[in-house]
file coords17.tsv (TSV, C-alpha atoms)
chain	number	residue	atom	x	y	z
X	1	MET	CA	49.42	163.51	-49.22
X	2	ASN	CA	49.80	160.04	-47.84
X	3	SER	CA	47.00	158.32	-45.97
X	4	ALA	CA	48.72	158.63	-42.59
X	5	ALA	CA	48.45	162.41	-42.78
X	6	GLU	CA	44.75	162.45	-43.58
X	7	PRO	CA	43.38	163.24	-40.10
X	8	LEU	CA	45.09	166.60	-40.39
X	9	GLY	CA	44.22	167.02	-44.01
X	10	THR	CA	41.99	170.03	-43.40
X	11	TYR	CA	45.10	172.04	-42.65
X	12	GLY	CA	46.49	171.62	-46.12
X	13	ASP	CA	50.01	170.50	-46.80
X	14	PRO	CA	51.27	168.34	-43.91
X	15	ALA	CA	54.55	170.19	-44.03
X	16	ASP	CA	52.76	173.36	-42.90
X	17	GLU	CA	53.35	174.25	-39.29
X	18	CYS	CA	50.47	174.23	-36.83
X	19	LEU	CA	50.18	175.49	-33.27
X	20	TYR	CA	50.48	172.75	-30.69
X	21	VAL	CA	48.80	173.86	-27.46
X	22	TYR	CA	50.20	172.66	-24.13
X	23	GLY	CA	48.14	174.54	-21.60
X	24	ILE	CA	46.20	177.60	-20.52
X	25	VAL	CA	47.82	180.04	-18.10
X	26	GLU	CA	47.26	183.54	-16.76
X	27	ASN	CA	47.95	186.29	-19.25
X	28	SER	CA	50.16	188.19	-16.82
X	29	ARG	CA	52.95	185.65	-16.52
X	30	GLU	CA	56.22	185.18	-18.31
X	31	LEU	CA	57.09	181.94	-20.04
X	32	PRO	CA	59.83	179.63	-18.84
X	33	ALA	CA	62.58	178.55	-21.20
X	34	SER	CA	61.42	175.45	-23.02
X	35	PRO	CA	63.71	172.46	-23.41
X	36	VAL	CA	62.32	171.89	-26.89
X	37	ASN	CA	60.44	174.26	-29.16
X	38	PRO	CA	60.32	177.94	-28.23
X	39	LEU	CA	57.07	178.50	-26.34
X	40	GLU	CA	54.80	181.37	-27.19
X	41	LEU	CA	51.71	182.95	-25.65
X	42	ILE	CA	48.44	183.79	-27.36
X	43	PRO	CA	46.67	186.13	-24.92
X	44	ALA	CA	42.93	186.62	-24.55
X	45	GLY	CA	41.82	188.82	-21.70
X	46	ARG	CA	42.95	187.32	-18.40
X	47	ILE	CA	44.21	184.08	-19.93
X	48	ALA	CA	46.70	182.94	-22.52
X	49	ALA	CA	47.36	179.72	-24.40
X	50	VAL	CA	50.89	178.35	-24.35
X	51	HIS	CA	51.84	176.86	-27.68
X	52	ALA	CA	54.73	176.00	-29.90
X	53	PRO	CA	54.96	175.44	-33.62
X	54	ILE	CA	54.82	171.84	-34.74
X	55	ASP	CA	54.88	169.96	-37.98
X	56	PRO	CA	51.54	168.11	-37.91
X	57	ALA	CA	53.23	165.12	-39.49
X	58	GLU	CA	54.72	164.49	-36.05
X	59	LEU	CA	51.28	163.34	-34.96
X	60	ASP	CA	50.64	161.00	-37.83
X	61	ASP	CA	49.83	157.43	-36.87
X	62	LEU	CA	51.01	157.83	-33.29
X	63	SER	CA	49.21	154.71	-32.15
X	64	ALA	CA	51.32	152.46	-34.35
X	65	ASP	CA	54.04	152.22	-31.70
X	66	LEU	CA	53.20	152.51	-28.00
X	67	SER	CA	56.60	151.55	-26.65
X	68	GLU	CA	59.05	153.64	-24.66
X	69	GLY	CA	61.17	155.63	-27.09
X	70	SER	CA	58.42	155.78	-29.73
X	71	ARG	CA	57.21	159.07	-31.22
X	72	LEU	CA	54.17	158.84	-28.98
X	73	ALA	CA	56.34	158.38	-25.89
X	74	ILE	CA	58.56	161.31	-26.82
X	75	LEU	CA	55.57	163.54	-27.53
X	76	ALA	CA	53.76	162.52	-24.33
X	77	ARG	CA	56.81	163.05	-22.13
X	78	ARG	CA	57.53	166.41	-23.75
X	79	HIS	CA	53.93	167.47	-23.23
X	80	ASP	CA	54.01	166.42	-19.58
X	81	GLU	CA	57.39	168.08	-19.05
X	82	ILE	CA	56.20	171.42	-20.41
X	83	VAL	CA	52.94	171.34	-18.45
X	84	ARG	CA	54.97	170.63	-15.29
X	85	LEU	CA	57.31	173.46	-16.16
X	86	LEU	CA	54.37	175.83	-16.50
X	87	ALA	CA	52.86	174.59	-13.24
X	88	SER	CA	56.08	175.34	-11.37
X	89	ASP	CA	55.45	179.05	-11.83
X	90	GLY	CA	51.68	179.47	-11.53
X	91	PRO	CA	48.37	177.79	-12.24
X	92	VAL	CA	48.02	175.92	-15.53
X	93	LEU	CA	45.16	174.08	-17.17
X	94	PRO	CA	46.72	171.17	-19.07
X	95	VAL	CA	45.38	170.74	-22.58
X	96	ARG	CA	45.00	167.20	-23.87
X	97	LEU	CA	47.81	165.68	-25.86
X	98	GLY	CA	47.72	166.34	-29.57
X	99	THR	CA	45.64	169.51	-29.65
X	100	LEU	CA	46.54	171.46	-32.77
X	101	PHE	CA	45.28	174.71	-34.22
X	102	PRO	CA	45.88	175.72	-37.81
X	103	ASP	CA	46.70	179.33	-36.97
X	104	THR	CA	46.66	181.96	-34.23
X	105	ALA	CA	43.32	183.36	-35.38
X	106	ALA	CA	41.54	180.06	-34.71
X	107	LEU	CA	43.13	179.78	-31.28
X	108	ARG	CA	42.23	183.38	-30.43
X	109	ARG	CA	38.60	182.73	-31.37
X	110	LEU	CA	38.35	179.80	-28.98
X	111	LEU	CA	40.09	181.65	-26.16
X	112	GLY	CA	37.82	184.63	-26.64
X	113	VAL	CA	34.71	182.50	-26.28
X	114	ALA	CA	35.98	180.47	-23.31
X	115	GLU	CA	38.00	183.16	-21.50
X	116	ARG	CA	35.65	183.60	-18.55
X	117	HIS	CA	35.27	179.87	-17.94
X	118	LEU	CA	38.99	179.14	-18.25
X	119	ALA	CA	39.91	182.08	-16.00
X	120	ALA	CA	37.57	180.70	-13.32
X	121	GLU	CA	39.17	177.26	-13.64
X	122	LEU	CA	42.63	178.78	-13.25
X	123	GLU	CA	41.47	180.57	-10.13
X	124	ARG	CA	40.05	177.32	-8.72
X	125	ILE	CA	43.39	175.52	-8.89
X	126	ARG	CA	45.60	178.49	-8.04
X	127	GLY	CA	48.15	177.65	-5.37
X	128	ARG	CA	47.30	173.96	-5.44
X	129	SER	CA	49.01	170.83	-6.71
X	130	GLU	CA	47.94	167.28	-7.34
X	131	TRP	CA	49.34	164.22	-5.59
X	132	ASP	CA	48.57	160.73	-6.86
X	133	LEU	CA	48.66	157.65	-4.66
X	134	ARG	CA	48.24	154.23	-6.23
X	135	VAL	CA	48.09	151.14	-4.10
X	136	ARG	CA	47.67	147.47	-4.94
X	137	ALA	CA	47.87	144.46	-2.68
X	138	ILE	CA	50.52	141.98	-3.74
X	139	ALA	CA	50.21	139.53	-0.83
X	140	SER	CA	48.02	136.50	-1.38
X	141	ASP	CA	46.55	133.78	0.76
X	142	ASP	CA	49.24	131.48	-0.63
X	143	SER	CA	51.40	132.75	2.20
X	144	VAL	CA	48.90	131.33	4.67
X	145	ALA	CA	49.00	127.97	2.91
X	146	ALA	CA	52.77	128.01	2.83
X	147	ARG	CA	52.93	128.50	6.56
X	148	SER	CA	51.02	125.28	7.17
X	149	GLY	CA	53.97	123.17	5.99
X	150	VAL	CA	52.56	119.64	5.61
X	151	ASN	CA	49.92	118.36	3.18
X	152	PRO	CA	47.09	117.04	5.35
X	153	SER	CA	44.17	115.00	4.06
X	154	GLY	CA	40.46	114.52	4.81
X	155	THR	CA	38.92	116.50	7.65
X	156	ALA	CA	42.21	118.14	8.53
X	157	TYR	CA	42.59	119.41	4.98
X	158	LEU	CA	39.09	120.90	4.92
X	159	ARG	CA	39.66	122.54	8.31
X	160	GLN	CA	42.91	124.01	7.05
X	161	ARG	CA	41.26	125.36	3.91
X	162	ARG	CA	38.58	127.05	6.03
X	163	GLN	CA	41.26	128.58	8.21
X	164	GLN	CA	43.14	129.79	5.14
X	165	ARG	CA	40.04	131.37	3.68
X	166	ARG	CA	39.14	132.99	6.98
X	167	ALA	CA	42.67	134.34	7.35
X	168	ALA	CA	42.64	135.67	3.79
X	169	VAL	CA	39.32	137.45	4.37
X	170	GLU	CA	40.62	138.94	7.61
X	171	LEU	CA	43.74	140.17	5.81
X	172	GLN	CA	41.63	141.72	3.07
X	173	ASP	CA	39.26	143.38	5.54
X	174	SER	CA	42.20	144.71	7.50
X	175	LEU	CA	43.83	146.11	4.38
X	176	VAL	CA	40.66	147.78	3.11
X	177	GLU	CA	40.17	149.30	6.54
X	178	ALA	CA	43.75	150.61	6.52
X	179	LEU	CA	43.30	152.03	3.02
X	180	GLY	CA	40.14	153.78	4.13
X	181	ALA	CA	41.87	155.26	7.16
X	182	ILE	CA	44.80	156.45	5.05
X	183	ASP	CA	42.45	157.92	2.46
X	184	ASP	CA	40.58	159.80	5.19
X	185	VAL	CA	43.80	161.22	6.63
X	186	LEU	CA	45.13	162.34	3.24
X	187	ALA	CA	41.76	163.73	2.16
X	188	GLY	CA	41.87	165.84	5.32
X	189	PHE	CA	44.81	167.75	3.83
X	190	ALA	CA	43.18	168.15	0.42
X	191	ASP	CA	40.74	170.61	-1.09
X	192	ALA	CA	39.43	167.96	-3.48
X	193	VAL	CA	39.79	164.23	-4.01
X	194	GLY	CA	39.53	162.31	-7.26
X	195	GLY	CA	40.05	158.83	-8.60
X	196	SER	CA	38.84	155.63	-7.03
X	197	GLY	CA	38.81	154.86	-3.33
X	198	PRO	CA	39.63	151.61	-1.55
X	199	SER	CA	38.19	148.59	-3.35
X	200	LYS	CA	37.49	145.37	-1.49
X	201	VAL	CA	37.20	143.55	-4.80
X	202	SER	CA	40.51	144.53	-6.33
X	203	LEU	CA	42.28	145.38	-3.05
X	204	SER	CA	43.54	148.58	-4.55
X	205	MET	CA	43.16	152.33	-4.51
X	206	SER	CA	43.99	154.99	-7.08
X	207	ARG	CA	43.53	158.43	-5.61
X	208	ALA	CA	44.33	161.98	-6.67
X	209	TYR	CA	44.43	164.71	-4.01
X	210	LEU	CA	44.38	168.44	-4.73
X	211	VAL	CA	46.51	170.04	-2.05
X	212	ALA	CA	47.07	173.74	-1.28
X	213	ASP	CA	50.65	175.01	-1.20
X	214	SER	CA	50.41	175.74	2.51
X	215	ARG	CA	49.68	172.07	3.22
X	216	GLN	CA	52.13	170.45	0.80
X	217	ALA	CA	54.73	169.60	3.42
X	218	ASP	CA	52.20	168.11	5.84
X	219	PHE	CA	50.57	166.13	3.07
X	220	ALA	CA	53.91	164.84	1.78
X	221	THR	CA	54.90	163.69	5.26
X	222	ALA	CA	51.59	161.91	5.83
X	223	ALA	CA	51.59	160.35	2.37
X	224	THR	CA	55.16	159.14	2.72
X	225	GLU	CA	54.29	157.52	6.05
X	226	ALA	CA	51.24	155.95	4.41
X	227	VAL	CA	53.37	154.48	1.63
X	228	ALA	CA	55.75	152.97	4.20
X	229	GLU	CA	52.84	151.49	6.14
X	230	LEU	CA	51.27	150.03	3.01
X	231	GLU	CA	54.55	148.52	1.84
X	232	ALA	CA	54.97	146.94	5.27
X	233	ARG	CA	51.55	145.38	4.73
X	234	GLY	CA	52.70	143.80	1.49
X	235	CYS	CA	51.27	146.36	-0.91
X	236	ALA	CA	52.81	148.04	-3.92
X	237	ALA	CA	52.32	151.76	-3.35
X	238	ALA	CA	53.43	154.64	-5.56
X	239	LEU	CA	53.24	158.30	-4.68
X	240	HIS	CA	53.62	160.95	-7.38
X	241	GLY	CA	53.67	164.65	-6.72
X	242	PRO	CA	53.46	167.51	-6.68
X	243	LEU	CA	51.92	167.48	-10.16
X	244	PRO	CA	49.91	169.92	-12.24
X	245	ALA	CA	46.22	169.51	-11.41
X	246	TYR	CA	45.61	167.09	-14.28
X	247	SER	CA	42.87	165.15	-12.48
X	248	PHE	CA	41.01	168.27	-11.38
X	249	VAL	CA	40.67	170.01	-14.72
X	250	ASP	CA	37.68	168.63	-16.56
X	251	VAL	CA	36.86	171.11	-19.30
X	252	ARG	CA	35.43	170.34	-22.70
X	253	LEU	CA	35.31	173.11	-25.27
X	254	GLU	CA	33.59	173.12	-28.62
X	255	ALA	CA	35.66	174.91	-31.21
X	256	ALA	CA	34.29	176.08	-34.51
X	257	GLY	CA	36.42	175.87	-37.57
X	258	HIS	CA	37.13	178.70	-39.92
X	259	ALA	CA	34.86	181.57	-38.98
G	1	MET	CA	62.61	172.49	-4.71
G	2	THR	CA	61.73	171.15	-8.12
G	3	GLN	CA	58.92	168.71	-8.60
G	4	THR	CA	61.25	165.93	-9.64
G	5	ASN	CA	63.45	166.45	-6.62
G	6	MET	CA	60.45	166.31	-4.36
G	7	VAL	CA	59.28	163.03	-5.81
G	8	ASN	CA	62.79	161.60	-5.55
G	9	ARG	CA	63.12	162.75	-1.97
G	10	HIS	CA	59.98	160.85	-1.08
G	11	ALA	CA	61.20	157.80	-2.91
G	12	SER	CA	64.47	157.83	-1.01
G	13	GLN	CA	62.63	158.29	2.27
G	14	ILE	CA	60.67	155.14	1.77
G	15	GLY	CA	63.77	153.19	0.80
G	16	ALA	CA	63.00	152.82	-2.88
G	17	PRO	CA	65.31	154.03	-5.63
G	18	PRO	CA	64.15	157.18	-7.44
G	19	ARG	CA	62.04	156.09	-10.38
G	20	PRO	CA	60.80	158.25	-13.22
G	21	ASP	CA	57.14	158.09	-14.12
G	22	SER	CA	56.31	155.15	-16.33
G	23	LEU	CA	55.14	155.85	-19.86
G	24	ALA	CA	51.71	154.56	-18.83
G	25	ASP	CA	51.56	157.07	-15.99
G	26	VAL	CA	52.40	159.90	-18.39
G	27	LEU	CA	49.97	158.71	-21.07
G	28	GLU	CA	47.16	158.40	-18.57
G	29	ARG	CA	47.72	162.02	-17.55
G	30	VAL	CA	48.11	163.62	-20.95
G	31	LEU	CA	45.53	161.59	-22.88
G	32	ASP	CA	42.66	161.31	-20.48
G	33	LYS	CA	42.65	164.52	-18.46
G	34	GLY	CA	42.72	168.27	-18.77
G	35	VAL	CA	41.11	170.61	-21.28
G	36	VAL	CA	39.61	168.76	-24.23
G	37	ILE	CA	38.92	170.77	-27.36
G	38	VAL	CA	36.60	169.22	-29.87
G	39	GLY	CA	35.10	170.37	-33.12
G	40	ASP	CA	36.53	170.77	-36.55
G	41	ILE	CA	39.58	172.44	-35.16
G	42	GLY	CA	42.58	171.00	-33.44
G	43	VAL	CA	43.76	167.51	-34.18
G	44	SER	CA	41.04	165.28	-35.46
G	45	ILE	CA	39.10	163.86	-32.52
G	46	ILE	CA	38.84	160.56	-34.31
G	47	ASP	CA	42.61	160.26	-34.31
G	48	ILE	CA	42.93	160.92	-30.58
G	49	GLU	CA	40.04	158.61	-29.79
G	50	LEU	CA	41.72	155.85	-31.74
G	51	LEU	CA	44.99	156.51	-29.98
G	52	THR	CA	43.35	156.49	-26.55
G	53	LEU	CA	41.56	153.24	-27.25
G	54	ARG	CA	44.72	151.62	-28.48
G	55	VAL	CA	46.60	152.76	-25.40
G	56	ARG	CA	43.86	151.29	-23.20
G	57	LEU	CA	43.95	147.98	-25.02
G	58	PHE	CA	47.71	147.96	-24.89
G	59	ILE	CA	47.82	148.47	-21.15
G	60	ALA	CA	44.88	146.13	-20.56
G	61	SER	CA	47.24	143.34	-21.42
G	62	ALA	CA	48.37	142.08	-18.04
G	63	ASP	CA	51.80	141.11	-19.27
G	64	THR	CA	52.41	144.49	-20.82
G	65	ALA	CA	51.17	146.24	-17.72
G	66	ARG	CA	53.46	144.20	-15.51
G	67	GLU	CA	56.44	144.92	-17.75
G	68	MET	CA	55.66	148.60	-17.50
G	69	GLY	CA	55.40	148.41	-13.74
G	70	ILE	CA	51.84	149.63	-13.71
G	71	ASP	CA	49.86	146.52	-12.96
G	72	TRP	CA	47.74	148.36	-10.40
G	73	TRP	CA	46.17	149.96	-13.45
G	74	THR	CA	44.32	146.75	-13.99
G	75	ALA	CA	42.16	147.77	-11.03
G	76	ASP	CA	41.69	151.34	-12.15
G	77	PRO	CA	38.32	152.41	-13.56
G	78	PHE	CA	40.25	153.71	-16.55
G	79	LEU	CA	40.97	150.07	-17.24
G	80	SER	CA	38.00	148.47	-15.60
G	81	SER	CA	37.67	146.01	-18.43
G	82	ALA	CA	40.97	144.51	-17.41
G	83	ALA	CA	39.99	144.56	-13.77
G	84	ARG	CA	36.97	142.47	-14.54
G	85	LYS	CA	38.71	140.44	-17.23
G	86	ASP	CA	35.77	141.44	-19.37
G	87	ASP	CA	36.49	139.94	-22.73
G	88	ASP	CA	33.28	141.34	-24.15
G	89	GLU	CA	34.40	144.88	-23.47
G	90	LYS	CA	37.82	144.20	-24.96
G	91	ARG	CA	36.13	142.87	-28.07
G	92	GLU	CA	33.97	145.99	-28.27
G	93	LEU	CA	37.07	148.15	-27.99
G	94	ARG	CA	38.78	146.22	-30.75
G	95	GLU	CA	35.72	146.59	-32.94
G	96	ARG	CA	35.64	150.33	-32.22
G	97	VAL	CA	39.32	150.60	-33.17
G	98	ALA	CA	38.55	148.80	-36.41
G	99	GLU	CA	35.65	151.17	-37.09
G	100	LEU	CA	37.83	154.21	-36.46
G	101	GLU	CA	40.58	152.85	-38.65
G	102	GLN	CA	38.01	152.27	-41.34
G	103	ALA	CA	36.70	155.82	-40.90
G	104	ILE	CA	40.20	157.24	-41.21
G	105	GLY	CA	40.75	155.17	-44.31
G	106	ASN	CA	37.54	156.52	-45.82
G	107	THR	CA	38.63	160.09	-45.06
G	108	GLY	CA	41.88	159.39	-46.84
G	109	ASP	CA	40.03	158.02	-49.82
G	110	ARG	CA	38.10	161.24	-50.20
G	111	SER	CA	41.20	163.48	-50.31
call {"tool": "encode", "arguments": {"input": "coords17.tsv", "output": "structure tokens"}}
result
Amino acid sequence: MNSAAEPLGTYGDPADECLYVYGIVENSRELPASPVNPLELIPAGRIAAVHAPIDPAELDDLSADLSEGSRLAILARRHDEIVRLLASDGPVLPVRLGTLFPDTAALRRLLGVAERHLAAELERIRGRSEWDLRVRAIASDDSVAARSGVNPSGTAYLRQRRQQRRAAVELQDSLVEALGAIDDVLAGFADAVGGSGPSKVSLSMSRAYLVADSRQADFATAATEAVAELEARGCAAALHGPLPAYSFVDVRLEAAGHA
Amino acid sequence: MTQTNMVNRHASQIGAPPRPDSLADVLERVLDKGVVIVGDIGVSIIDIELLTLRVRLFIASADTAREMGIDWWTADPFLSSAARKDDDEKRELRERVAELEQAIGNTGDRS
């Protein structure tokens, strides 16, 4: 075995297939066709784990290359794609990238222990999707300086600098106020809000909103209008959604090894 | 309507060309959120921790972030070290990466 395969060494030969787990879903559902490996279900009471076979060597030394097109990028995009696919047809709890089990028995043991908790989490996000809004100010007070045209000196220069600073502060205050108002409006459509709110220091916001299906259209309209308003104010704003409820699933499970 | 179509529809409404999620967006979702399974089962936690730290360091580079179109990440708590230009924290992360690499090396030595 080479050193790169050592983190998975407890599973024996690296050529052995493991189970790669993408997410937890309800036991009652059917699986969508996967664009990559054939997906399978391991049921446990009301829940089931969605997995596919994987050669653990695929996960060796992933951090060596973080560029687009790398093994990490391909794995991460595939993971996200399958979680999205599952979310399009019912609630799903995304499982963190790179979660492997040596065999179905080990996975069944974990599911058996955590079934009640995971079923409750699925129920909590049922019929809801996540929307992410990221905003960052790209305007600077240079624009104020540029508008002044000439290069004054002495008292006039100091007065101009004060005016520039005052104008910059007013712009920042105005933007933070607008971000707060937008956040309030969007939060009004959401069942839960995550991420970081408007920051006066960084002039940015990175929010996740958990929105019920019945309010998706209203939220999307309001968020799209917000993006347009923020761009008109000189901000970079990106809206992503609807997404699986990645930001609203915070579950940590302790799994024992070979029982 | 599919999810992708919905995102693209919004993008077209605001006058921007449809743009797929950046790799950083995807990594932030799949590495830092969701169900985390720890213990002596699943992929070694040390490996994922190392990977996550490296991804954070990678994106904490302003130039890299800008190239990836995700420079607002520099203000995200996930990357608060970059937001504060906190060199001490970056150094701690690098040291932690080195420790983890050392730990992995030691594991390999034992096999």
call {"tool": "closest_residue", "arguments": {"input": "coords17.tsv", "among": "X:Met205, X:Val169, X:Ala106, X:Leu86", "to": "Leu19 of chain X", "atoms": "only C-alpha atoms"}}
result
X:Ala106
call {"tool": "atom_distance", "arguments": {"input": "coords17.tsv", "atom1": "atom CA of His79 of chain X", "atom2": "atom CA of Val251 of chain X"}}
result
17.9 Å
call {"tool": "closest_residue", "arguments": {"input": "coords17.tsv", "among": "X:Ser153, X:Ser214, X:Ser199, X:Ser34", "to": "chain G", "atoms": "all atoms listed in the file"}}
result
X:Ser199
call {"tool": "closest_residue", "arguments": {"input": "coords17.tsv", "among": "X:Leu118, X:Val185, X:Val95, X:Ile125", "to": "chain G", "atoms": "only C-alpha atoms"}}
result
X:Val95
call {"tool": "axis_aligned_box", "arguments": {"input": "coords17.tsv", "around": "segment 204-212 of chain X", "padding_each_side": "3 Å", "output": "JSON"}}
result
{"center_x": 45.1, "center_y": 161.2, "center_z": -4.2, "size_x": 9.9, "size_y": 31.2, "size_z": 11.8}
call {"tool": "residues_around", "arguments": {"input": "coords17.tsv", "residues": "segment 173-181 of chain X", "least_positions_apart": "3", "cutoff": "12 Å", "atoms": "only C-alpha atoms", "output": "JSON, numbers by chain"}}
result
{"X": [133, 134, 135, 136, 137, 138, 139, 140, 166, 167, 168, 169, 170, 184, 185, 186, 187, 188, 196, 197, 198, 199, 200, 201, 202, 203, 204, 205, 206, 207, 222, 223, 226, 227, 229, 230, 231, 232, 233, 234, 235, 237]}
call {"tool": "atom_distance", "arguments": {"input": "coords17.tsv", "atom1": "atom CA of Val25 of chain X", "atom2": "atom CA of Leu75 of chain X"}}
result
20.5 Å
call {"tool": "residues_around", "arguments": {"input": "coords17.tsv", "residues": "Leu41 of chain X", "least_positions_apart": "6", "cutoff": "9 Å", "atoms": "only C-alpha atoms", "output": "VMD selection string"}}
result
chain X and resid 25 27 30 to 31 48 to 52
call {"tool": "closest_residue", "arguments": {"input": "coords17.tsv", "among": "X:Glu26, X:Asp183, X:Asp55, X:Glu68", "to": "chain G", "atoms": "all atoms listed in the file"}}
result
X:Glu68
call {"tool": "atom_distance", "arguments": {"input": "coords17.tsv", "atom1": "atom CA of Arg109 of chain X", "atom2": "atom CA of Lys33 of chain G"}}
result
22.7 Å
call {"tool": "residues_around", "arguments": {"input": "coords17.tsv", "residues": "Val35 of chain G", "least_positions_apart": "4", "cutoff": "8 Å", "atoms": "all atoms listed in the file", "output": "PyMOL selection string"}}
result
chain X and resi 93-96+249-253
call {"tool": "closest_residue", "arguments": {"input": "coords17.tsv", "among": "X:Pro38, X:Pro244, X:Gly69, X:Pro53", "to": "Ser22 of chain G", "atoms": "only C-alpha atoms"}}
result
X:Gly69
call {"tool": "closest_residue", "arguments": {"input": "coords17.tsv", "among": "G:Ala103, G:Val38, G:Ala98, G:Leu93", "to": "chain X", "atoms": "only C-alpha atoms"}}
result
G:Val38
